[in-house]
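Asks: Following this line is final-v3.cif, made up of mmCIF, C-alpha atoms:
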```cif
data_query
#
loop_
_atom_site.label_atom_id
_atom_site.label_comp_id
_atom_site.auth_asym_id
_atom_site.auth_seq_id
_atom_site.Cartn_x
_atom_site.Cartn_y
_atom_site.Cartn_z
CA MET C 23 97.05 88.75 111.07
CA ILE C 24 100.39 86.95 110.72
CA ALA C 25 102.22 90.26 110.82
CA ARG C 26 100.44 91.14 114.01
CA LEU C 27 101.33 87.74 115.48
CA LYS C 28 104.99 88.40 114.74
CA ARG C 29 104.76 91.83 116.27
CA LEU C 30 103.17 90.45 119.44
CA ARG C 31 106.14 88.19 120.17
CA PRO C 32 108.42 90.83 121.76
CA ARG C 33 105.78 91.46 124.38
CA ARG C 34 106.35 88.02 125.88
CA ALA C 35 109.70 89.16 127.23
CA GLU C 36 108.18 92.24 128.80
CA MET C 37 105.48 90.22 130.48
CA SER C 38 107.72 87.48 131.77
CA ARG C 39 109.60 89.99 133.90
CA GLY C 40 107.14 89.39 136.69
CA VAL C 41 103.79 90.52 137.86
CA SER C 42 103.78 94.12 139.04
CA GLN C 43 101.35 95.34 141.57
CA VAL C 44 99.75 98.66 142.44
CA ARG C 45 97.78 99.78 145.43
CA ALA C 46 94.09 100.23 144.83
CA GLY C 47 92.84 103.66 145.90
CA GLY C 48 90.94 104.26 149.16
CA GLY C 49 90.60 102.17 152.30
CA ALA C 50 92.95 99.32 153.01
CA PRO C 51 95.57 98.99 150.33
CA ALA C 52 94.84 95.89 148.29
CA PRO C 53 97.39 94.64 145.78
CA VAL C 54 96.13 94.67 142.21
CA ASN C 55 97.82 92.82 139.39
CA ILE C 56 98.53 95.15 136.51
CA GLU C 57 99.72 92.45 134.16
CA CYS C 58 99.74 88.72 133.76
CA PRO C 59 102.48 86.50 132.33
CA ARG C 60 99.83 84.71 130.24
CA GLU C 61 98.79 87.93 128.49
CA SER C 62 100.89 87.18 125.44
CA ASP C 63 99.35 83.69 125.15
CA VAL C 64 95.91 85.28 125.23
CA LEU C 65 96.92 87.78 122.54
CA ASP C 66 98.36 84.97 120.42
CA ALA C 67 95.12 83.04 120.72
CA LEU C 68 93.16 86.10 119.67
CA ALA C 69 95.43 87.00 116.77
CA SER C 70 95.37 83.44 115.42
CA ALA C 71 91.55 83.29 115.79
CA ARG C 72 91.79 80.37 118.22
CA TRP C 73 89.88 82.30 120.87
CA PRO C 74 87.29 81.30 122.13
CA ASN C 75 86.45 78.03 120.36
CA ARG C 76 89.79 76.42 119.59
CA VAL C 77 91.88 77.58 122.53
CA GLU C 78 93.59 75.16 124.91
CA ARG C 79 91.45 74.17 127.90
CA GLU C 80 94.17 75.23 130.33
CA LEU C 81 94.36 78.75 128.89
CA ALA C 82 90.57 79.08 128.92
CA ASP C 83 90.54 78.08 132.61
CA HIS C 84 93.25 80.62 133.36
CA VAL C 85 91.35 83.43 131.65
CA ALA C 86 88.20 82.54 133.59
CA SER C 87 90.06 83.21 136.83
CA CYS C 88 92.32 86.12 135.79
CA ALA C 89 90.93 89.67 135.78
CA VAL C 90 93.86 91.02 133.74
CA CYS C 91 93.40 88.43 130.98
CA GLN C 92 89.65 89.01 130.94
CA ASP C 93 90.25 92.72 130.36
CA VAL C 94 92.81 91.88 127.68
CA ILE C 95 90.30 89.64 125.90
CA THR C 96 87.56 92.28 126.06
CA VAL C 97 89.74 95.13 124.87
CA ALA C 98 92.03 93.38 122.41
CA SER C 99 89.28 91.46 120.62
CA ALA C 100 87.21 94.63 120.14
CA ILE C 101 90.19 96.66 118.97
CA GLN C 102 91.54 93.98 116.66
CA THR C 103 88.17 93.48 115.00
CA ASP C 104 87.82 97.21 114.55
CA HIS C 105 91.37 97.50 113.26
CA ASP C 106 90.77 94.82 110.62
CA TRP C 107 87.66 96.62 109.43
CA THR C 108 89.22 100.06 109.49
CA TRP C 109 92.27 98.74 107.66
CA ARG C 110 90.03 97.36 104.90
CA GLU C 111 88.05 100.59 104.69
CA ALA C 112 91.14 102.77 104.52
CA ASN C 113 91.15 104.59 101.21
CA VAL C 114 94.63 106.04 101.19
CA PRO C 115 96.23 107.81 98.21
CA SER C 116 98.69 105.80 96.17
CA SER C 117 102.35 105.99 97.10
CA GLY C 118 103.16 107.65 93.77
CA GLN C 119 100.57 110.33 94.35
CA MET C 120 101.83 110.92 97.88
CA TRP C 121 105.41 111.23 96.68
CA TRP C 122 104.44 113.64 93.91
CA ARG C 123 102.54 115.87 96.35
CA ALA C 124 105.40 115.87 98.83
CA GLU C 125 107.87 116.73 96.09
CA MET C 126 105.72 119.61 94.83
CA ARG C 127 105.21 120.95 98.30
CA ALA C 128 108.92 120.76 99.14
CA ARG C 129 109.69 122.71 95.95
CA GLN C 130 107.07 125.36 96.64
CA GLU C 131 108.17 125.83 100.22
CA ALA C 132 111.82 126.11 99.22
CA ILE C 133 111.02 128.75 96.60
CA ARG C 134 108.80 130.66 99.00
CA ASP C 135 111.51 130.61 101.68
CA ALA C 136 114.12 131.75 99.16
CA SER C 137 112.03 134.69 98.01
CA ARG C 138 111.05 135.79 101.50
CA PRO C 139 114.27 137.85 102.16
CA VAL C 140 113.62 139.83 98.99
CA THR C 141 110.11 140.66 100.10
CA VAL C 142 111.38 141.78 103.48
CA ALA C 143 114.10 143.91 101.88
CA GLN C 144 111.54 145.52 99.59
CA GLY C 145 109.28 146.37 102.48
CA MET C 146 112.16 147.80 104.49
CA ALA C 147 113.31 149.94 101.56
CA VAL C 148 109.84 151.42 101.05
CA LEU C 149 109.47 152.12 104.74
CA PHE C 150 112.91 153.72 104.94
CA ALA C 151 112.21 155.91 101.90
CA LEU C 152 108.96 157.14 103.43
CA VAL C 153 110.68 157.97 106.72
CA VAL C 154 113.43 159.91 104.91
CA VAL C 155 110.90 161.88 102.88
CA VAL C 156 108.80 162.76 105.93
CA VAL C 157 111.78 163.70 108.11
CA GLY C 158 113.43 165.63 105.28
CA GLY C 159 110.20 167.50 104.56
CA TRP C 160 109.77 168.31 108.23
CA PHE C 161 113.22 169.90 108.57
CA THR C 162 113.40 171.67 105.21
CA TRP C 163 109.86 173.03 105.19
CA PRO C 164 110.82 176.41 106.84
CA SER C 165 113.59 176.98 104.28
CA ILE C 166 111.39 176.05 101.33
CA HIS C 167 108.58 178.17 102.69
CA GLY C 168 111.00 181.12 103.07
CA LEU C 169 112.27 180.68 99.53
CA PHE C 170 108.77 180.66 98.06
CA SER C 171 107.83 183.72 100.13
CA ALA C 172 110.86 185.56 98.80
CA LEU C 173 110.09 184.54 95.21
CA SER C 174 106.47 185.56 95.49
CA SER C 175 107.46 188.96 96.89
CA GLY C 176 109.56 189.51 93.74
CA ASP C 177 112.84 189.77 95.59
CA ALA C 178 114.68 186.82 94.10
CA GLN C 179 118.01 188.12 95.27
CA SER C 180 116.89 188.56 98.81
CA THR C 181 119.12 187.35 101.57
CA THR C 182 116.31 185.12 102.93
CA ALA C 183 116.41 182.77 99.96
CA SER C 184 120.17 182.54 99.78
CA THR C 185 120.37 182.01 103.52
CA ALA C 186 117.79 179.20 103.31
CA PHE C 187 119.74 177.31 100.64
CA ALA C 188 123.08 177.85 102.24
CA SER C 189 122.11 176.65 105.71
CA PRO C 190 124.17 173.59 106.87
CA LEU C 191 121.01 171.70 107.86
CA PHE C 192 119.43 172.07 104.44
CA MET C 193 122.66 171.06 102.71
CA SER C 194 123.16 167.95 104.81
CA ILE C 195 119.55 166.78 104.35
CA ALA C 196 119.71 167.41 100.64
CA LEU C 197 122.93 165.42 100.42
CA ALA C 198 121.46 162.55 102.41
CA MET C 199 118.36 162.41 100.21
CA GLY C 200 120.46 162.55 97.07
CA ALA C 201 122.70 159.77 98.29
CA PHE C 202 119.66 157.69 99.19
CA LEU C 203 118.07 158.17 95.80
CA VAL C 204 121.28 157.05 94.12
CA LEU C 205 122.22 154.19 96.46
CA ALA C 206 118.79 152.66 97.24
CA PRO C 207 118.11 151.27 93.74
CA ILE C 208 121.63 149.84 93.60
CA ALA C 209 121.20 148.16 96.99
CA ILE C 210 117.81 146.77 96.02
CA TYR C 211 119.21 145.45 92.76
CA PHE C 212 121.94 143.53 94.59
CA VAL C 213 119.51 142.12 97.16
CA MET C 214 117.11 140.94 94.47
CA SER C 215 119.60 139.61 91.96
CA GLU C 216 121.67 137.31 94.21
CA LYS C 217 121.12 136.14 97.71
CA MET X 30 106.64 149.34 93.34
CA PHE X 31 109.80 147.27 93.43
CA SER X 32 108.55 144.24 91.52
CA ARG X 33 110.49 143.21 88.47
CA GLU X 34 110.52 140.48 85.89
CA LEU X 35 112.38 137.32 86.84
CA THR X 36 115.52 136.85 84.83
CA VAL X 37 116.78 133.52 83.51
CA SER X 38 119.39 133.56 86.26
CA ASP X 39 116.65 134.01 88.86
CA LEU X 40 114.71 131.06 87.49
CA GLU X 41 117.84 128.90 87.44
CA ARG X 42 118.61 129.87 91.01
CA LEU X 43 115.06 129.05 92.17
CA ASP X 44 115.18 125.75 90.31
CA ARG X 45 118.47 124.88 92.03
CA ILE X 46 116.89 125.69 95.40
CA ALA X 47 113.79 123.60 94.64
CA THR X 48 115.87 120.66 93.44
CA ALA X 49 118.02 120.83 96.57
CA ALA X 50 114.86 120.79 98.71
CA VAL X 51 113.66 117.61 97.01
CA GLU X 52 117.09 116.01 97.34
CA ALA X 53 117.08 116.85 101.04
CA LEU X 54 114.00 114.69 101.64
CA GLN X 55 114.47 111.82 104.03
CA MET X 56 114.21 109.09 101.37
CA ASP X 57 114.44 108.59 97.65
CA GLU X 58 111.23 107.86 95.78
CA ASP X 59 111.52 104.08 95.62
CA THR X 60 112.34 103.70 99.31
CA PHE X 61 109.54 106.06 100.27
CA ARG X 62 106.96 104.29 98.15
CA ALA X 63 107.85 100.91 99.61
CA PHE X 64 107.73 102.31 103.16
CA TYR X 65 104.44 104.08 102.46
CA ASP X 66 102.84 100.94 101.02
CA ARG X 67 103.83 99.07 104.17
CA THR X 68 102.57 101.64 106.65
CA ALA X 69 99.92 103.96 105.17
CA ARG X 70 96.86 101.90 106.02
CA GLN X 71 98.07 101.34 109.56
CA VAL X 72 98.69 105.03 110.08
CA TRP X 73 95.33 105.94 108.57
CA ALA X 74 93.49 103.44 110.75
CA TYR X 75 95.32 104.79 113.80
CA LEU X 76 94.48 108.40 112.94
CA ALA X 77 90.87 107.56 112.10
CA ARG X 78 90.36 105.84 115.40
CA ILE X 79 92.18 108.28 117.69
CA THR X 80 90.53 111.33 116.10
CA GLY X 81 87.20 109.70 115.25
CA ASP X 82 87.14 111.67 112.00
CA ARG X 83 87.85 110.07 108.65
CA SER X 84 88.39 113.24 106.66
CA LEU X 85 90.71 114.58 109.33
CA ALA X 86 92.57 111.26 109.17
CA ASP X 87 93.03 111.80 105.41
CA ASP X 88 94.53 115.25 106.00
CA LEU X 89 96.74 114.18 108.86
CA LEU X 90 97.99 111.18 106.91
CA GLN X 91 99.37 113.43 104.18
CA GLU X 92 100.84 115.86 106.65
CA SER X 93 102.44 113.04 108.65
CA TYR X 94 104.26 111.62 105.66
CA TYR X 95 105.33 115.04 104.47
CA ARG X 96 106.80 115.94 107.84
CA PHE X 97 108.40 112.54 108.03
CA LEU X 98 110.07 113.14 104.68
CA ARG X 99 111.28 116.57 105.75
CA ALA X 100 112.66 115.29 109.06
CA GLU X 101 116.41 115.57 109.31
CA ARG X 102 116.95 112.38 111.22
CA ALA X 103 118.95 109.22 110.90
CA PHE X 104 116.98 106.05 111.57
CA THR X 105 118.63 102.94 112.89
CA SER X 106 115.92 100.48 111.89
CA GLU X 107 112.56 100.04 110.22
CA SER X 108 110.95 99.96 113.63
CA HIS X 109 112.61 103.24 114.62
CA ARG X 110 111.41 104.83 111.40
CA ARG X 111 107.89 103.52 111.87
CA ASN X 112 107.73 104.68 115.50
CA TYR X 113 108.86 108.12 114.45
CA LEU X 114 106.10 108.26 111.84
CA PHE X 115 103.51 107.32 114.46
CA ARG X 116 104.94 109.97 116.74
CA ILE X 117 104.45 112.63 114.08
CA ALA X 118 100.91 111.38 113.48
CA THR X 119 100.20 111.45 117.21
CA ASN X 120 101.49 115.01 117.59
CA LEU X 121 99.45 116.20 114.63
CA ALA X 122 96.33 114.59 116.10
CA HIS X 123 97.03 116.35 119.39
CA ASP X 124 97.47 119.68 117.60
CA SER X 125 94.19 119.32 115.75
CA HIS X 126 92.49 118.28 118.99
CA ARG X 127 93.80 121.44 120.68
CA ARG X 128 92.56 123.56 117.80
CA GLY X 129 89.10 122.09 118.32
CA ARG X 130 89.10 119.89 115.28
CA GLY X 131 89.10 116.17 115.78
CA VAL X 132 87.01 116.15 118.90
CA ILE X 133 86.28 112.50 119.17
CA ASN X 134 82.87 111.55 117.91
CA VAL X 135 81.28 108.24 117.19
CA PRO X 136 81.82 107.40 113.55
CA VAL X 137 79.10 105.29 112.08
CA PRO X 138 80.66 102.33 110.32
CA GLU X 139 80.16 102.65 106.60
CA GLU X 140 78.75 99.20 105.95
CA ASN X 141 75.78 98.53 108.20
CA GLU X 142 73.58 96.40 106.06
CA ALA X 143 72.30 93.18 107.50
CA GLY X 144 73.98 90.08 106.18
CA ALA X 145 76.70 87.57 106.84
CA LEU X 146 80.44 87.96 106.44
CA ALA X 147 82.59 85.54 104.48
CA ASP X 148 83.72 83.85 107.67
CA GLY X 149 80.15 83.38 108.88
CA ARG X 150 80.04 86.26 111.36
CA ASP X 151 76.99 88.46 111.41
CA LEU X 152 77.62 91.81 109.74
CA ALA X 153 75.06 93.70 111.79
CA ALA X 154 76.55 92.31 114.99
CA GLU X 155 80.06 93.33 113.89
CA THR X 156 78.83 96.82 113.05
CA ALA X 157 77.14 97.14 116.43
CA ARG X 158 80.34 95.96 118.10
CA ARG X 159 82.36 98.58 116.29
CA THR X 160 79.93 101.29 117.25
CA ASP X 161 80.18 100.16 120.87
CA LEU X 162 83.96 100.38 120.66
CA ALA X 163 83.82 103.85 119.13
CA ARG X 164 81.54 105.04 121.94
CA ALA X 165 83.73 103.47 124.59
CA MET X 166 86.90 104.91 123.04
CA ALA X 167 85.29 108.34 123.03
CA THR X 168 85.13 108.22 126.83
CA LEU X 169 88.92 107.79 127.09
CA LYS X 170 91.63 110.40 127.09
CA PRO X 171 93.47 110.82 123.77
CA ARG X 172 96.64 109.33 125.28
CA GLU X 173 94.74 106.26 126.42
CA ARG X 174 93.20 105.71 123.00
CA GLU X 175 96.58 106.00 121.34
CA MET X 176 98.21 103.61 123.76
CA LEU X 177 95.52 100.95 123.48
CA TRP X 178 95.47 101.13 119.70
CA LEU X 179 99.23 100.82 119.44
CA ALA X 180 99.27 97.93 121.90
CA TYR X 181 96.36 95.87 120.63
CA ALA X 182 95.85 96.91 117.00
CA GLN X 183 99.50 97.40 116.02
CA GLY X 184 100.92 94.89 118.48
CA SER X 185 103.57 97.39 119.56
CA SER X 186 105.87 96.57 122.48
CA HIS X 187 106.06 98.86 125.50
CA GLU X 188 109.29 100.31 124.15
CA GLU X 189 107.69 101.03 120.79
CA ILE X 190 104.67 102.62 122.44
CA ALA X 191 106.96 104.81 124.53
CA ASP X 192 108.90 105.78 121.42
CA SER X 193 105.75 106.54 119.41
CA LEU X 194 104.09 108.59 122.12
CA GLY X 195 107.16 110.30 123.55
CA LEU X 196 106.70 108.72 126.98
CA ARG X 197 109.07 106.93 129.34
CA LYS X 198 109.09 103.19 128.87
CA SER X 199 108.81 102.64 132.61
CA SER X 200 105.45 104.41 132.76
CA ILE X 201 103.81 102.48 129.93
CA LYS X 202 102.97 99.40 131.96
CA ILE X 203 100.81 101.22 134.50
CA LEU X 204 99.30 103.64 131.99
CA LEU X 205 98.35 100.78 129.71
CA PHE X 206 96.82 98.90 132.59
CA ARG X 207 94.66 101.87 133.56
CA ALA X 208 93.59 102.56 129.99
CA ARG X 209 92.73 98.92 129.41
CA ARG X 210 90.73 98.78 132.58
CA ARG X 211 88.75 101.88 131.68
CA LEU X 212 87.99 100.64 128.20
CA ALA X 213 87.01 97.18 129.45
CA ALA X 214 84.67 98.81 131.96
CA ALA X 215 83.18 101.06 129.27
CA LEU X 216 82.70 98.13 126.91
CA GLY X 217 81.25 95.99 129.68
CA GLY X 218 78.81 98.73 130.61
CA GLN X 219 77.43 98.85 127.09
CA ARG X 220 76.53 95.22 126.95
#
```
Could you write out this file's structure as structure tokens?
Replies:
Amino acid sequence: MIARLKRLRPRRAEMSRGVSQVRAGGGAPAPVNIECPRESDVLDALASARWPNRVERELADHVASCAVCQDVITVASAIQTDHDWTWREANVPSSGQMWWRAEMRARQEAIRDASRPVTVAQGMAVLFALVVVVVGGWFTWPSIHGLFSALSSGDAQSTTASTAFASPLFMSIALAMGAFLVLAPIAIYFVMSEK
Amino acid sequence: MFSRELTVSDLERLDRIATAAVEALQMDEDTFRAFYDRTARQVWAYLARITGDRSLADDLLQESYYRFLRAERAFTSESHRRNYLFRIATNLAHDSHRRGRGVINVPVPEENEAGALADGRDLAAETARRTDLARAMATLKPREREMLWLAYAQGSSHEEIADSLGLRKSSIKILLFRARRRLAAALGGQR
């Protein structure tokens, strides 16, 4: 209650800057007060439990004739009562428990973030290997098929087989696959061992 | 396929990363615990009332403080820090509202037995009054609920409300007036 009283003080300055007005909607524009300079007095009276029985006569008379202050009384008293109850009912975790949970979560998130690049690199490597195998198989299949045909016909020295192995396309694909098989594990090792 | 055992160097590296993450938190433990003890109940009450859901308020409370701790911000004062915390809580409540959770309902106050309070007030009457407020609040827009609670439960100034809700200070006066009027009308209509 006292803390709230202290916190209500700065509002006095805001309210003493004058009474603003807005136009009511529809028909002839009628000025409507949107705030009252006595609002902070009303809030003080509420917060210190002086309202309605122990409040100054003059303030009670003002409230009786001021629509803004009447709204403030209705709203603020209901909200403050509810706040006091809700505050008492609040069953919040202890500060130590909250700190411990935050610390654990920060650790877990940091570790998960740190290991995410490795997971991505692993996925990329697998995908790349599959693509190389499929593409390599696609291009070399005629040569391999020719070789096996030659072998099955018993003519191991046939020109078909030697031509298949000596073709520039077959050689370049074989070299690429060999290089990949050698370099990929090394690359993966470096990615996984140090960021 | 590519999984492997973690080496000691891996574990040390992960531990260094985790320790750095904890050190990067907004506050040290003692400062946080003091700040939390000062503000947690207020934030919970705010979340419980603007969402109308106690268990959601529990979840959002934890998330609010965690995000607050992770925020890379310099605060100039206790008030600035507190407003920022309320802003996080407000944004989380909005997010959960958008996701369909936290649609305002009318929470039944937990203690509704007949009897008298220590200060002589009637418990049943207080409970009925709170239920009336919950119903009336449920008719307001989320922004209006937040504004009224900050103004009249927390005693926040217009500047603090603007800071907590991410609004311009100049618009608070009229928005607060409208919200107050709507709530007063809703409360009046229930009597």
Asks: Determine the nearest neighbour of chain C from the options X:Leu169, X:Ala122, X:Ile79, X:Ala50, counting all atoms listed in the file.
Replies: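 Distance minimum relative to chain C lands on X:Ala50.
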Asks: Considering only C-alpha atoms, return as a PyMOL selection string whatever protein or nucleic-acid residues lie within 9 Å of X:Glu188, sequence-local ones (same chain, fewer than 2 positions apart) excluded.
Replies: chain X and resi 185-186+190-193+197-199+201
Asks: Under the rule that only C-alpha atoms are counted, which of X:Glu41, X:Glu175, X:Glu107, X:Glu58 is the nearest residue to chain C?
Replies: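 Closest to chain C of all the choices is X:Glu58.
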Asks: Report as a PyMOL selection string the full result of the PyMOL selection byres ((chain C) within 7 of (chain X)) when it is applied to this structure.
Replies: chain C and resi 26+29-30+32-33+56+93+96-98+100-102+104-105+108-109+112+114+117-118+121+124-125+128-129+132-133+144
Asks: Report the distance between atom CA of C:Ala67 and atom CA of X:Thr168 in Å, rounded to one decimal place.
Replies: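 It comes out at 27.8 Å.
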Asks: Looking at only C-alpha atoms, which of C:Val148, C:Ile195, C:Leu65, C:Ala172 is the one that sits closest to C:Trp160?
Replies: C:Ile195
